[in-house]
Amino acid sequence: MSAWRHGRWMRAGIAAVVLLLAGSLIWWFFPQRIDRTLQGYEFTAGQPERPGRSLTLKLEGTLQRTLAGFWKGAGKFEGKLVIVGESYSGVPEDATPFFYLHDGVGSMAFSWLKRESIGNSVPGLHVEGMVYASTDLKELAIIRTSRSAGANNGSVVAVAAPANDREEGMALANRILIEKLGAPLMP
């Protein structure tokens, strides 16, 4: 009688572990909706005397983890990343922001259709910058390619979130860039 009870508890324990493992895998691969607001800081790397500014970033979309990225926590993210209150030169107000991230690297862009004449539309595209993110999308570093082109002396305009000042932003951006690219923003 004792052996029967012991065997029953063992089978129940094994079944519980199998169910827990199956549930964890289903949760891991099920797409996760992300709606996050981050406080960031924009600064110019290579020009410490140039003032920076605080920014609010809005991240919305879906994170889909992949089997290939199972051990690293990597996956792909589709959605939009917007800097709240920001206007972009040459981009219409009704442009659609989009953001695609794969294994922590992606781009922040806007697309729109411009009507040139009756029946003719021309697509428009504006890439604001390259985005590097932690696997949980709680930390971001954005290299603003459109703004960096106007900066001089090889400096780079970057946004890091969450960050409250230049030092925090530079440290966070360097940590993420070393992780993703193997090199810091500025040596």
# chains A, B, ... in the order shown; residues from 1 in each chain; ligands from 1
$ closest_atom_pairs --of "segment 63-103 of chain A" --to "segment 122-142 of chain A" --cutoff "10 Å" --atoms "only C-alpha atoms" --output "JSON lines"
{"residue": "A:Leu63", "atom": "CA", "partner": "A:Leu137", "partner_atom": "CA", "distance": 9.1}
{"residue": "A:Arg65", "atom": "CA", "partner": "A:Thr135", "partner_atom": "CA", "distance": 9.8}
{"residue": "A:Gly69", "atom": "CA", "partner": "A:Thr135", "partner_atom": "CA", "distance": 9.9}
{"residue": "A:Lys72", "atom": "CA", "partner": "A:Thr135", "partner_atom": "CA", "distance": 7.8}
{"residue": "A:Gly73", "atom": "CA", "partner": "A:Thr135", "partner_atom": "CA", "distance": 5.9}
{"residue": "A:Ala74", "atom": "CA", "partner": "A:Thr135", "partner_atom": "CA", "distance": 5.7}
{"residue": "A:Gly75", "atom": "CA", "partner": "A:Thr135", "partner_atom": "CA", "distance": 7.9}
{"residue": "A:Lys76", "atom": "CA", "partner": "A:Thr135", "partner_atom": "CA", "distance": 9.7}
{"residue": "A:Phe77", "atom": "CA", "partner": "A:Leu137", "partner_atom": "CA", "distance": 9.1}
{"residue": "A:Leu81", "atom": "CA", "partner": "A:Val131", "partner_atom": "CA", "distance": 9.6}
{"residue": "A:Tyr88", "atom": "CA", "partner": "A:Glu128", "partner_atom": "CA", "distance": 8.4}
{"residue": "A:Ser89", "atom": "CA", "partner": "A:His126", "partner_atom": "CA", "distance": 9.3}
{"residue": "A:Gly90", "atom": "CA", "partner": "A:His126", "partner_atom": "CA", "distance": 8.2}
{"residue": "A:Val91", "atom": "CA", "partner": "A:His126", "partner_atom": "CA", "distance": 7.0}
{"residue": "A:Pro92", "atom": "CA", "partner": "A:Gly124", "partner_atom": "CA", "distance": 9.5}
{"residue": "A:Ala95", "atom": "CA", "partner": "A:Gly124", "partner_atom": "CA", "distance": 8.8}
{"residue": "A:Thr96", "atom": "CA", "partner": "A:Leu125", "partner_atom": "CA", "distance": 9.6}
{"residue": "A:Pro97", "atom": "CA", "partner": "A:His126", "partner_atom": "CA", "distance": 9.4}
{"residue": "A:Phe98", "atom": "CA", "partner": "A:Val127", "partner_atom": "CA", "distance": 9.6}
{"residue": "A:Phe99", "atom": "CA", "partner": "A:Val131", "partner_atom": "CA", "distance": 8.9}
{"residue": "A:Tyr100", "atom": "CA", "partner": "A:Val131", "partner_atom": "CA", "distance": 9.1}
{"residue": "A:Leu101", "atom": "CA", "partner": "A:Val131", "partner_atom": "CA", "distance": 7.8}
{"residue": "A:His102", "atom": "CA", "partner": "A:Tyr132", "partner_atom": "CA", "distance": 9.6}
{"residue": "A:Asp103", "atom": "CA", "partner": "A:Thr135", "partner_atom": "CA", "distance": 7.4}
$ select_by_dssp --residues "chain A" --states "helix (DSSP H, G or I)" --output "NGL selection string"
:A and (2-29 or 145-148 or 166-181)
$ write_last_selection --atoms "C-alpha atoms" --output "mmCIF file, in the first residue's frame"
data_model
loop_
_atom_site.group_PDB
_atom_site.id
_atom_site.type_symbol
_atom_site.label_atom_id
_atom_site.label_comp_id
_atom_site.auth_asym_id
_atom_site.auth_seq_id
_atom_site.Cartn_x
_atom_site.Cartn_y
_atom_site.Cartn_z
ATOM 1 C CA SER A 2 2.807 2.394 0.842
ATOM 2 C CA ALA A 3 4.612 1.709 -2.453
ATOM 3 C CA TRP A 4 1.387 2.389 -4.358
ATOM 4 C CA ARG A 5 0.980 5.817 -2.687
ATOM 5 C CA HIS A 6 4.627 6.631 -3.244
ATOM 6 C CA GLY A 7 4.348 5.762 -6.968
ATOM 7 C CA ARG A 8 1.200 7.825 -7.320
ATOM 8 C CA TRP A 9 2.893 10.903 -5.834
ATOM 9 C CA MET A 10 5.903 10.410 -8.094
ATOM 10 C CA ARG A 11 3.706 10.229 -11.211
ATOM 11 C CA ALA A 12 1.817 13.335 -10.077
ATOM 12 C CA GLY A 13 5.120 15.161 -9.485
ATOM 13 C CA ILE A 14 6.465 14.232 -12.917
ATOM 14 C CA ALA A 15 3.190 15.311 -14.548
ATOM 15 C CA ALA A 16 3.351 18.663 -12.706
ATOM 16 C CA VAL A 17 6.933 19.279 -13.869
ATOM 17 C CA VAL A 18 6.027 18.418 -17.479
ATOM 18 C CA LEU A 19 2.997 20.748 -17.372
ATOM 19 C CA LEU A 20 5.078 23.540 -15.825
ATOM 20 C CA LEU A 21 7.769 23.152 -18.499
ATOM 21 C CA ALA A 22 5.190 23.090 -21.325
ATOM 22 C CA GLY A 23 3.447 26.170 -19.902
ATOM 23 C CA SER A 24 6.760 28.025 -19.613
ATOM 24 C CA LEU A 25 7.643 27.269 -23.239
ATOM 25 C CA ILE A 26 4.222 28.395 -24.443
ATOM 26 C CA TRP A 27 4.548 31.633 -22.437
ATOM 27 C CA TRP A 28 8.085 32.212 -23.788
ATOM 28 C CA PHE A 29 7.124 31.880 -27.466
ATOM 29 C CA THR A 145 21.656 59.373 -38.185
ATOM 30 C CA SER A 146 19.625 62.324 -39.474
ATOM 31 C CA ARG A 147 20.930 64.635 -36.718
ATOM 32 C CA SER A 148 24.486 63.261 -36.674
ATOM 33 C CA ARG A 166 24.683 63.101 -20.153
ATOM 34 C CA GLU A 167 26.790 60.834 -17.924
ATOM 35 C CA GLU A 168 24.004 58.282 -17.432
ATOM 36 C CA GLY A 169 23.129 58.426 -21.139
ATOM 37 C CA MET A 170 26.726 57.961 -22.290
ATOM 38 C CA ALA A 171 27.310 55.062 -19.872
ATOM 39 C CA LEU A 172 24.090 53.305 -20.934
ATOM 40 C CA ALA A 173 24.687 53.849 -24.668
ATOM 41 C CA ASN A 174 28.261 52.556 -24.389
ATOM 42 C CA ARG A 175 27.171 49.466 -22.436
ATOM 43 C CA ILE A 176 24.466 48.573 -24.975
ATOM 44 C CA LEU A 177 26.689 49.285 -27.990
ATOM 45 C CA ILE A 178 29.543 47.201 -26.589
ATOM 46 C CA GLU A 179 27.078 44.342 -26.038
ATOM 47 C CA LYS A 180 25.564 44.603 -29.550
ATOM 48 C CA LEU A 181 28.479 45.847 -31.680
#
$ closest_residue --among "A:Asp165, A:Ile118, A:Lys58, A:Thr37" --to "Glu86 of chain A" --atoms "only C-alpha atoms"
A:Lys58
$ atom_distance --atom1 "atom CA of Arg36 of chain A" --atom2 "atom CA of Ile83 of chain A"
12.1 Å
$ closest_residue --among "A:Gln32, A:Gln39, A:Gln47, A:Ser87" --to "Gly61 of chain A" --atoms "only C-alpha atoms"
A:Gln32
$ closest_residue --among "A:Phe43, A:Ser121, A:Glu49, A:Leu55" --to "Ile143 of chain A" --atoms "only C-alpha atoms"
A:Phe43
$ closest_residue --among "A:Glu93, A:Arg33, A:Gly182, A:Glu42" --to "Thr62 of chain A" --atoms "only C-alpha atoms"
A:Arg33
$ closest_residue --among "A:Ala45, A:Val105, A:Leu59, A:Leu113" --to "Val159 of chain A" --atoms "only C-alpha atoms"
A:Ala45
$ atom_distance --atom1 "atom CA of Gly40 of chain A" --atom2 "atom CA of Pro162 of chain A"
4.9 Å
$ closest_residue --among "A:Gly85, A:Pro184, A:Gly104, A:Pro31" --to "Leu57 of chain A" --atoms "only C-alpha atoms"
A:Gly85
$ select_by_dssp --residues "segment 22-95 of chain A" --states "strand (DSSP E)" --output "number ranges by chain"
A: 32-45, 53-65, 75-83
